[in-house]
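*Asks:* The structure is given below, and queries will be raised subsequently.
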Amino acid sequence: MRKLGGITLLLTLCAGTVYAENVAPPIPVGIAVAQTSNVALFGQEQIIGAKIAETYFNIKKGVNGTPIKLVTQDTGGDEAGAINAVQNLISKEKVVGIVGPTLSQQAFGADPIANRLQVPVIGPSNTAKGVPQIGEYIGRVSAPVAKVAPYAVKQALKQNQKIKRVAILYAQNDAFSSSETVTFQETVKNMKLETVTVQKFMTTDTDFTTQATAVLNANVDLVIVSGLAADGGNLVKQLRQLGYKGIVIGGNGFNTANVFSVCGSNCDGILVAQAYSPEADNPTNKAFVAAYRAAYKKDPPQFSAQAFTAVQVFVEGLRKVEAATKKKITQLDLATVRTELNKALRKGSYITPLGEISLDKEGDINQKTFYVSQIKMDSAGKVGKFVIVK
Amino acid sequence: MEGFLQNYGFLLVTLVQQALLALSLYFPFMAGQLSLASPGFYALGGYIAAIMATVDSCASLRNALGWTIFPLEWLVAALVSGILALIVGIPSLRLRGIYLALGTIAFVEILRVLFLNLDITGGAIGIFDIPQLFEERWSYILIFGPLLVVVLLFIHRLQHSRTGRAFKAIREDELAAGAMGINPTYYKVQAFVIGAVLAGIVGAMSAPLLNTWNARQGTFDASVSYLAYVLIGGSRSLWGPLLGAALLAALPELLRPLRDARLIMNGLVLVVASIYLPHGIVGALSRLWSFFSTPSAARGGE
């Protein structure tokens with residue numbers, strides 16, 4: 001028995017050092033997102049989006065007849081987990097490309113490894129500055145915060161031209177929120193508005209009396225909050241309860257139905273800029289929304305739409321590789337597929353649930369349309385929805 | 001062999017790294033002090049290395065030194081951690097037991113909030129694009145491995161020195177130790193500083209390993225896992241933290257094929273070990289050893 005174990009070990013070791021090895025059908029695409037830890041809330045939505053994409057494109061003949069197969073690895077919420085997951089997908093699962101990781105910080109940890117091993121990575125939700133610049137194999141389909149956030153401020157000014165004094169609040173321990181707030185502060189400055197007060201909080205806070213009082217004392221007409229659903233929602237709730245009447249802009253953390261249950265009727269009227277809207281009018285999005293609604297009886301969130309898009313970009317990229325090399329993917333060796341795929345990803349545009357997008361040379365997304373929605377709550381304050389404002 | 005290192009190289013390095021962090025907690029433990037400050041110094045060391053490796057004002061220094069900048073980073077991290085530990089340790093080691101633990105948790109939190117708010121530490125996103133010492137992840141074993149050996153030898157020597165015996169005396173009974181002419185505060189601070197220096201060096205070595213460094217490194221969660229390493233492994237022997245760290249850090253990765261169930265397994269090990277092995281795994285093993293190695297007559301059999 002022990003001998004057998006030794007032989008198997010030897011065989012597996014040999015298998016690791018085979019040089020030119022072809023891609024085996026179905027074509028493996030790696031998904032490295034958080035399925036555990038406190039980031040799993042986003043990771044789960046991403047898995048759903050990616051799985052819908054897998055089914056959708058395999059029904060559409062996959063890559064010219066060869067189906068794709070998603071291989072998922074849990075990254076957990078930390079950098080070490082992301083490195084392990086990515087390493088696993090590359091050397092053990094032999095994926096052609098990777099969708100992930102969930103957090104920008106994890107991307108900074110794990111993406112350099114994929115880049116060194118020349119495996120294309122598409123970030124479905126990395127929004128921090130500098131992610132596509134990690135290397136030539138790194139791209140993303142999540143628009144950076146700097147692009148999305150200003151739309152909400154413009155919309156607020158449309159609703160109330162008299163806005164002059166602005167209060168800005170942000171969660172200082174959240175990477176996304178703290179980079180989003182910089183964009184908001186710059187936008188406010190560029191629009192010749194006055195930032196009267198900047199308040200910080202933690203995503204773990206529950207009592208926001210200090211911040212709310214400071215905002216009320218500053219006598220502002222616009223409040224901009226960058227935080228996650230739980231803390232941001234609570235903050236808005238307490239701000240409203242203490243008597244703030246003006247417009248509230250929520251950052252991307254408010255871009256989820258989870259916020260409705262936190263602030264209830266006090267959510268009403270919050271403006272949120274979105275990179276995705278279920279109402280986007282194109283066939284891919286319609287199919288995606290229909291599949292999501294059929295399974296979960298609600299509208300898909302942005303994280304799922306972006307994960308779907310990431311898988312779509314890979315599938316269409318693989319099709320382009322076949323068109324360019326005039327060979328099936330399964331006839332090419334893995335290393336060639338990875339490098340060719342990376343080149344193909346950056347060419348042409350894609351009609352995705354996010355609308356028409358393309359990747360620039362660095363791998364960053366060019367997205368044509370963004371949306372601004374306003375939260376509308378029913379009279380009981382239980383059920384809410386995002387309504388697009390134009 | 002290459003395939004194996006590709007797959008498990010990073011895990012191997014992580015194991016050694018976690019073992020070192022567990023040992024950094026073991027030093028105060030030797031003197032009977034429950035300190036959870038290690039993650040704070042780990043984060044500090046990492047930031048020092050990351051800043052020295054990326055900041056523009058250090059560029060000329062980096063060019064002049066070449067790869068020797070890395071040992072310099074470790075040295076600076078060790079020095080700064082040591083000095084900070086001295087400043088924090090003298091007042092906080094007047095606290096005992098659970099109060100010291102609480103004090104050190106507060107210290108870790110203060111550092112975290114500081115790192116989140118300073119400009120030089122990059123806020124919540126942290127510092128990225130940290131230059132690499134080695135191309136491959138597994139090569140990092142070449143720095144973590146020797147450090148582990150040195151630390152183990154150090155502990156081994158320390159245990160039989162005057163200082164080591166003083167630690168032990170304080171651990172067993174601080175009052176009695178004081179009555180015998182041992183200055184408890186002096187030795188407690190010493191143990192605390194040694195642990196902090198080690199954590200700082202490990203942090204400085206880990207920054208290039210992870211490619212990035214941010215305030216999520218070295219949080220309260222990390223304190224708890226390091227403590228678990230020591231307690232599950234056994235707090236009375238230097239092999240305890242080592243074994244505990246190796247086991248608990250490796251489990252979630254080795255159980256990857258179980259997917260979602262892997263964390264359940266991990267939790268199960270923790271629960272079973274803490275209920276049935278009050279002296280940790282090493283404690284149980286050594287009791288088992290003495291049970292079998294003593295002749296049955298000596299055990300009071302007929």
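Chains: A, B, ... in order of the structure tokens. Residues: from 1 per chain. Ligands: from 1, in order shown.
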Write down, as a VMD selection string, each residue of chain B that has any atom within 10 Å of an atom of chain A, counting only C-alpha atoms.
*Replies:* chain B and resid 1 to 11 14 112 to 113 115 to 117 122 to 130 135 to 137 207 to 217 252 to 253 256 to 257 259 to 260 263
*Asks:* Quick one: residues within 12 Å of range 214-218 of chain A, only C-alpha atoms counted, chain neighbours fewer than 3 positions away excluded, as a ChimeraX atom specification?
*Replies:* /A:164-169,194-200,208-211,221-225,235-236,238-246,248
*Asks:* Dump N, CA, C and O atoms for the selected residues as a short mmCIF file (atom, residue, chain, number, x, y, z; two decimals), in the first residue's frame?
*Replies:*
data_model
loop_
_atom_site.label_atom_id
_atom_site.label_comp_id
_atom_site.auth_asym_id
_atom_site.auth_seq_id
_atom_site.Cartn_x
_atom_site.Cartn_y
_atom_site.Cartn_z
N LYS A 164 -24.94 74.05 -1.78
CA LYS A 164 -23.66 74.76 -1.63
C LYS A 164 -22.76 74.05 -0.63
O LYS A 164 -21.59 73.85 -0.86
N ARG A 165 -23.36 73.69 0.52
CA ARG A 165 -22.56 73.13 1.61
C ARG A 165 -22.70 71.61 1.67
O ARG A 165 -23.81 71.09 1.70
N VAL A 166 -21.57 70.93 1.70
CA VAL A 166 -21.59 69.47 1.62
C VAL A 166 -20.88 68.85 2.82
O VAL A 166 -19.84 69.35 3.27
N ALA A 167 -21.45 67.77 3.35
CA ALA A 167 -20.79 66.97 4.38
C ALA A 167 -20.41 65.64 3.77
O ALA A 167 -21.19 65.03 3.06
N ILE A 168 -19.19 65.21 4.05
CA ILE A 168 -18.72 63.94 3.50
C ILE A 168 -18.36 63.00 4.64
O ILE A 168 -17.67 63.39 5.59
N LEU A 169 -18.88 61.78 4.58
CA LEU A 169 -18.60 60.79 5.62
C LEU A 169 -18.08 59.52 4.96
O LEU A 169 -18.54 59.15 3.88
N GLU A 194 -18.81 73.52 -1.49
CA GLU A 194 -17.93 73.67 -0.35
C GLU A 194 -18.06 72.45 0.57
O GLU A 194 -19.16 72.12 1.01
N THR A 195 -16.97 71.77 0.83
CA THR A 195 -16.98 70.66 1.79
C THR A 195 -16.84 71.25 3.19
O THR A 195 -15.79 71.77 3.54
N VAL A 196 -17.94 71.21 3.95
CA VAL A 196 -17.94 71.88 5.25
C VAL A 196 -17.33 70.98 6.32
O VAL A 196 -16.62 71.43 7.20
N THR A 197 -17.66 69.68 6.23
CA THR A 197 -17.11 68.78 7.24
C THR A 197 -16.85 67.40 6.63
O THR A 197 -17.57 66.96 5.73
N VAL A 198 -15.78 66.76 7.09
CA VAL A 198 -15.49 65.38 6.70
C VAL A 198 -15.47 64.55 7.96
O VAL A 198 -14.71 64.83 8.89
N GLN A 199 -16.32 63.54 8.04
CA GLN A 199 -16.41 62.69 9.23
C GLN A 199 -16.02 61.27 8.88
O GLN A 199 -16.34 60.77 7.81
N LYS A 200 -15.32 60.62 9.83
CA LYS A 200 -14.91 59.23 9.60
C LYS A 200 -15.68 58.31 10.53
O LYS A 200 -16.05 58.71 11.63
N PHE A 208 -23.79 56.33 15.50
CA PHE A 208 -23.23 57.39 14.68
C PHE A 208 -23.66 58.77 15.15
O PHE A 208 -23.68 59.72 14.38
N THR A 209 -24.04 58.88 16.42
CA THR A 209 -24.53 60.15 16.96
C THR A 209 -23.52 61.26 16.74
O THR A 209 -23.88 62.37 16.33
N THR A 210 -22.24 60.96 17.03
CA THR A 210 -21.20 62.00 16.90
C THR A 210 -21.17 62.55 15.49
O THR A 210 -21.21 63.77 15.28
N GLN A 211 -21.12 61.65 14.51
CA GLN A 211 -21.02 62.09 13.12
C GLN A 211 -22.29 62.84 12.71
O GLN A 211 -22.22 63.88 12.07
N ASP A 221 -26.50 71.05 2.82
CA ASP A 221 -27.63 70.69 1.96
C ASP A 221 -27.39 69.37 1.24
O ASP A 221 -28.24 68.88 0.53
N LEU A 222 -26.21 68.80 1.41
CA LEU A 222 -25.94 67.52 0.75
C LEU A 222 -25.02 66.69 1.64
O LEU A 222 -24.03 67.21 2.17
N VAL A 223 -25.37 65.41 1.82
CA VAL A 223 -24.54 64.51 2.60
C VAL A 223 -24.10 63.37 1.70
O VAL A 223 -24.92 62.79 0.99
N ILE A 224 -22.80 63.09 1.68
CA ILE A 224 -22.29 61.98 0.86
C ILE A 224 -21.68 60.94 1.79
O ILE A 224 -20.78 61.25 2.55
N VAL A 225 -22.19 59.71 1.72
CA VAL A 225 -21.73 58.66 2.62
C VAL A 225 -21.05 57.54 1.82
O VAL A 225 -21.65 56.96 0.93
N LEU A 235 -26.02 54.73 9.54
CA LEU A 235 -25.64 56.14 9.64
C LEU A 235 -26.75 57.02 9.08
O LEU A 235 -27.18 57.99 9.71
N VAL A 236 -27.22 56.67 7.86
CA VAL A 236 -28.28 57.46 7.24
C VAL A 236 -29.54 57.46 8.11
O VAL A 236 -30.17 58.49 8.32
N GLN A 238 -29.78 57.12 11.37
CA GLN A 238 -29.63 57.98 12.56
C GLN A 238 -29.60 59.45 12.18
O GLN A 238 -30.11 60.31 12.89
N LEU A 239 -29.02 59.73 11.00
CA LEU A 239 -28.97 61.11 10.50
C LEU A 239 -30.38 61.63 10.26
O LEU A 239 -30.74 62.75 10.65
N ARG A 240 -31.22 60.81 9.63
CA ARG A 240 -32.61 61.19 9.36
C ARG A 240 -33.39 61.33 10.66
O ARG A 240 -34.17 62.26 10.83
N GLN A 241 -33.16 60.39 11.58
CA GLN A 241 -33.89 60.43 12.85
C GLN A 241 -33.55 61.69 13.64
O GLN A 241 -34.39 62.22 14.35
N LEU A 242 -32.32 62.16 13.49
CA LEU A 242 -31.93 63.37 14.22
C LEU A 242 -32.38 64.63 13.48
O LEU A 242 -32.13 65.74 13.95
N GLY A 243 -32.98 64.47 12.31
CA GLY A 243 -33.63 65.62 11.69
C GLY A 243 -33.01 66.16 10.42
O GLY A 243 -33.37 67.24 9.97
N TYR A 244 -32.10 65.42 9.77
CA TYR A 244 -31.54 65.92 8.52
C TYR A 244 -32.57 65.75 7.40
O TYR A 244 -33.16 64.69 7.24
N LYS A 245 -32.78 66.83 6.60
CA LYS A 245 -33.84 66.80 5.59
C LYS A 245 -33.31 66.82 4.15
O LYS A 245 -34.04 66.56 3.21
N GLY A 246 -32.04 67.14 3.96
CA GLY A 246 -31.50 67.35 2.61
C GLY A 246 -31.26 66.05 1.85
O GLY A 246 -31.67 64.97 2.27
N VAL A 248 -29.25 62.88 0.28
CA VAL A 248 -28.17 61.97 0.69
C VAL A 248 -27.68 61.20 -0.53
O VAL A 248 -28.49 60.66 -1.29
#
*Asks:* Hey, can you check how far CA of Asp378 in chain A sits from CA of Ile247 in chain A?
*Replies:*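 CA of Ile247 in chain A lies 18.5 Å from CA of Asp378 in chain A.
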*Asks:* What parts of range 71-264 of chain A does DSSP call helix (DSSP H, G or I)? I'd like the answer as a PyMOL selection string.
*Replies:* chain A and resi 79-91+104-116+132-134+145-148+150-159+175-190+209-217+229-241+252-254+258-264
*Asks:* Please provide as a list in words all residues within 7 Å of Leu93 in chain B, with the sequence filter that same-chain residues fewer than 6 positions apart are discarded (counting only C-alpha atoms).
*Replies:*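 The neighbour list is Leu100, Thr185, Lys188 and Val189 of chain B.
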*Asks:* For Leu21 in chain B, please output as a PDB file with N, CA and C atoms, in the first residue's frame all residues within 10 Å (counting only C-alpha atoms; exclusion window: fewer than 3 positions along the same chain).
*Replies:*
ATOM      1  N   LEU B  15       3.311  28.086   6.706  1.00  0.00           N
ATOM      2  CA  LEU B  15       3.391  27.286   7.935  1.00  0.00           C
ATOM      3  C   LEU B  15       4.529  27.778   8.815  1.00  0.00           C
ATOM      4  N   VAL B  16       5.704  27.937   8.202  1.00  0.00           N
ATOM      5  CA  VAL B  16       6.863  28.380   8.968  1.00  0.00           C
ATOM      6  C   VAL B  16       6.611  29.776   9.531  1.00  0.00           C
ATOM      7  N   GLN B  17       5.998  30.623   8.701  1.00  0.00           N
ATOM      8  CA  GLN B  17       5.726  31.992   9.129  1.00  0.00           C
ATOM      9  C   GLN B  17       4.775  32.005  10.326  1.00  0.00           C
ATOM     10  N   GLN B  18       3.722  31.191  10.236  1.00  0.00           N
ATOM     11  CA  GLN B  18       2.765  31.150  11.347  1.00  0.00           C
ATOM     12  C   GLN B  18       3.408  30.560  12.598  1.00  0.00           C
ATOM     13  N   SER B  24       6.514  33.899  18.717  1.00  0.00           N
ATOM     14  CA  SER B  24       6.636  35.254  19.251  1.00  0.00           C
ATOM     15  C   SER B  24       5.668  35.447  20.419  1.00  0.00           C
ATOM     16  N   LEU B  25       4.578  34.682  20.408  1.00  0.00           N
ATOM     17  CA  LEU B  25       3.630  34.737  21.527  1.00  0.00           C
ATOM     18  C   LEU B  25       4.134  33.870  22.673  1.00  0.00           C
ATOM     19  N   TYR B  26       4.964  32.873  22.311  1.00  0.00           N
ATOM     20  CA  TYR B  26       5.451  31.912  23.304  1.00  0.00           C
ATOM     21  C   TYR B  26       6.442  32.562  24.274  1.00  0.00           C
ATOM     22  N   SER B  38       1.515  40.462  19.563  1.00  0.00           N
ATOM     23  CA  SER B  38       2.322  40.064  18.398  1.00  0.00           C
ATOM     24  C   SER B  38       1.816  40.595  17.053  1.00  0.00           C
ATOM     25  N   PRO B  39       0.498  40.464  16.752  1.00  0.00           N
ATOM     26  CA  PRO B  39       0.040  40.945  15.445  1.00  0.00           C
ATOM     27  C   PRO B  39       0.330  42.425  15.227  1.00  0.00           C
ATOM     28  N   TYR B  42       3.886  42.568  14.201  1.00  0.00           N
ATOM     29  CA  TYR B  42       3.943  41.936  12.876  1.00  0.00           C
ATOM     30  C   TYR B  42       3.530  42.954  11.811  1.00  0.00           C
ATOM     31  N   GLY B 195       9.720  38.770  22.103  1.00  0.00           N
ATOM     32  CA  GLY B 195       8.580  38.362  21.267  1.00  0.00           C
ATOM     33  C   GLY B 195       8.267  39.416  20.218  1.00  0.00           C
ATOM     34  N   ALA B 196       8.291  40.690  20.627  1.00  0.00           N
ATOM     35  CA  ALA B 196       7.960  41.782  19.717  1.00  0.00           C
ATOM     36  C   ALA B 196       8.978  41.881  18.590  1.00  0.00           C
ATOM     37  N   LEU B 198      10.824  39.521  17.380  1.00  0.00           N
ATOM     38  CA  LEU B 198      10.601  38.402  16.459  1.00  0.00           C
ATOM     39  C   LEU B 198       9.413  38.682  15.537  1.00  0.00           C
ATOM     40  N   ALA B 199       8.292  39.141  16.129  1.00  0.00           N
ATOM     41  CA  ALA B 199       7.107  39.424  15.313  1.00  0.00           C
ATOM     42  C   ALA B 199       7.420  40.498  14.278  1.00  0.00           C
ATOM     43  N   GLY B 200       8.188  41.511  14.673  1.00  0.00           N
ATOM     44  CA  GLY B 200       8.548  42.586  13.745  1.00  0.00           C
ATOM     45  C   GLY B 200       9.353  42.065  12.567  1.00  0.00           C
ATOM     46  N   ILE B 201      10.333  41.191  12.858  1.00  0.00           N
ATOM     47  CA  ILE B 201      11.161  40.639  11.773  1.00  0.00           C
ATOM     48  C   ILE B 201      10.303  39.792  10.836  1.00  0.00           C
ATOM     49  N   VAL B 202       9.431  38.965  11.423  1.00  0.00           N
ATOM     50  CA  VAL B 202       8.572  38.122  10.588  1.00  0.00           C
ATOM     51  C   VAL B 202       7.705  39.001   9.688  1.00  0.00           C
ATOM     52  N   GLY B 203       7.174  40.096  10.246  1.00  0.00           N
ATOM     53  CA  GLY B 203       6.370  41.019   9.446  1.00  0.00           C
ATOM     54  C   GLY B 203       7.173  41.570   8.281  1.00  0.00           C
ATOM     55  N   ALA B 222      -6.145  37.809  14.087  1.00  0.00           N
ATOM     56  CA  ALA B 222      -4.834  37.173  14.043  1.00  0.00           C
ATOM     57  C   ALA B 222      -4.367  36.866  15.466  1.00  0.00           C
ATOM     58  N   SER B 223      -4.591  37.802  16.395  1.00  0.00           N
ATOM     59  CA  SER B 223      -4.201  37.555  17.799  1.00  0.00           C
ATOM     60  C   SER B 223      -4.802  36.253  18.279  1.00  0.00           C
ATOM     61  N   SER B 225      -5.886  33.706  16.501  1.00  0.00           N
ATOM     62  CA  SER B 225      -5.348  32.476  15.905  1.00  0.00           C
ATOM     63  C   SER B 225      -3.973  32.146  16.468  1.00  0.00           C
ATOM     64  N   TYR B 226      -3.130  33.157  16.709  1.00  0.00           N
ATOM     65  CA  TYR B 226      -1.810  32.852  17.273  1.00  0.00           C
ATOM     66  C   TYR B 226      -1.964  32.222  18.651  1.00  0.00           C
ATOM     67  N   LEU B 227      -2.910  32.768  19.413  1.00  0.00           N
ATOM     68  CA  LEU B 227      -3.142  32.219  20.744  1.00  0.00           C
ATOM     69  C   LEU B 227      -3.598  30.765  20.632  1.00  0.00           C
ATOM     70  N   TYR B 229      -2.830  28.695  18.266  1.00  0.00           N
ATOM     71  CA  TYR B 229      -1.661  27.870  17.929  1.00  0.00           C
ATOM     72  C   TYR B 229      -0.964  27.407  19.204  1.00  0.00           C
ATOM     73  N   VAL B 230      -0.738  28.393  20.097  1.00  0.00           N
ATOM     74  CA  VAL B 230       0.027  28.089  21.306  1.00  0.00           C
ATOM     75  C   VAL B 230      -0.776  27.158  22.217  1.00  0.00           C
ATOM     76  N   PRO B 241       3.861  25.482  20.246  1.00  0.00           N
ATOM     77  CA  PRO B 241       3.445  26.498  19.272  1.00  0.00           C
ATOM     78  C   PRO B 241       3.767  26.087  17.843  1.00  0.00           C
ATOM     79  N   LEU B 242       4.907  25.415  17.703  1.00  0.00           N
ATOM     80  CA  LEU B 242       5.339  25.000  16.375  1.00  0.00           C
ATOM     81  C   LEU B 242       4.326  24.047  15.746  1.00  0.00           C
ATOM     82  N   ALA B 245       0.804  25.697  15.218  1.00  0.00           N
ATOM     83  CA  ALA B 245       0.756  26.585  14.054  1.00  0.00           C
ATOM     84  C   ALA B 245       0.736  25.769  12.770  1.00  0.00           C
TER      85      ALA B 245
END
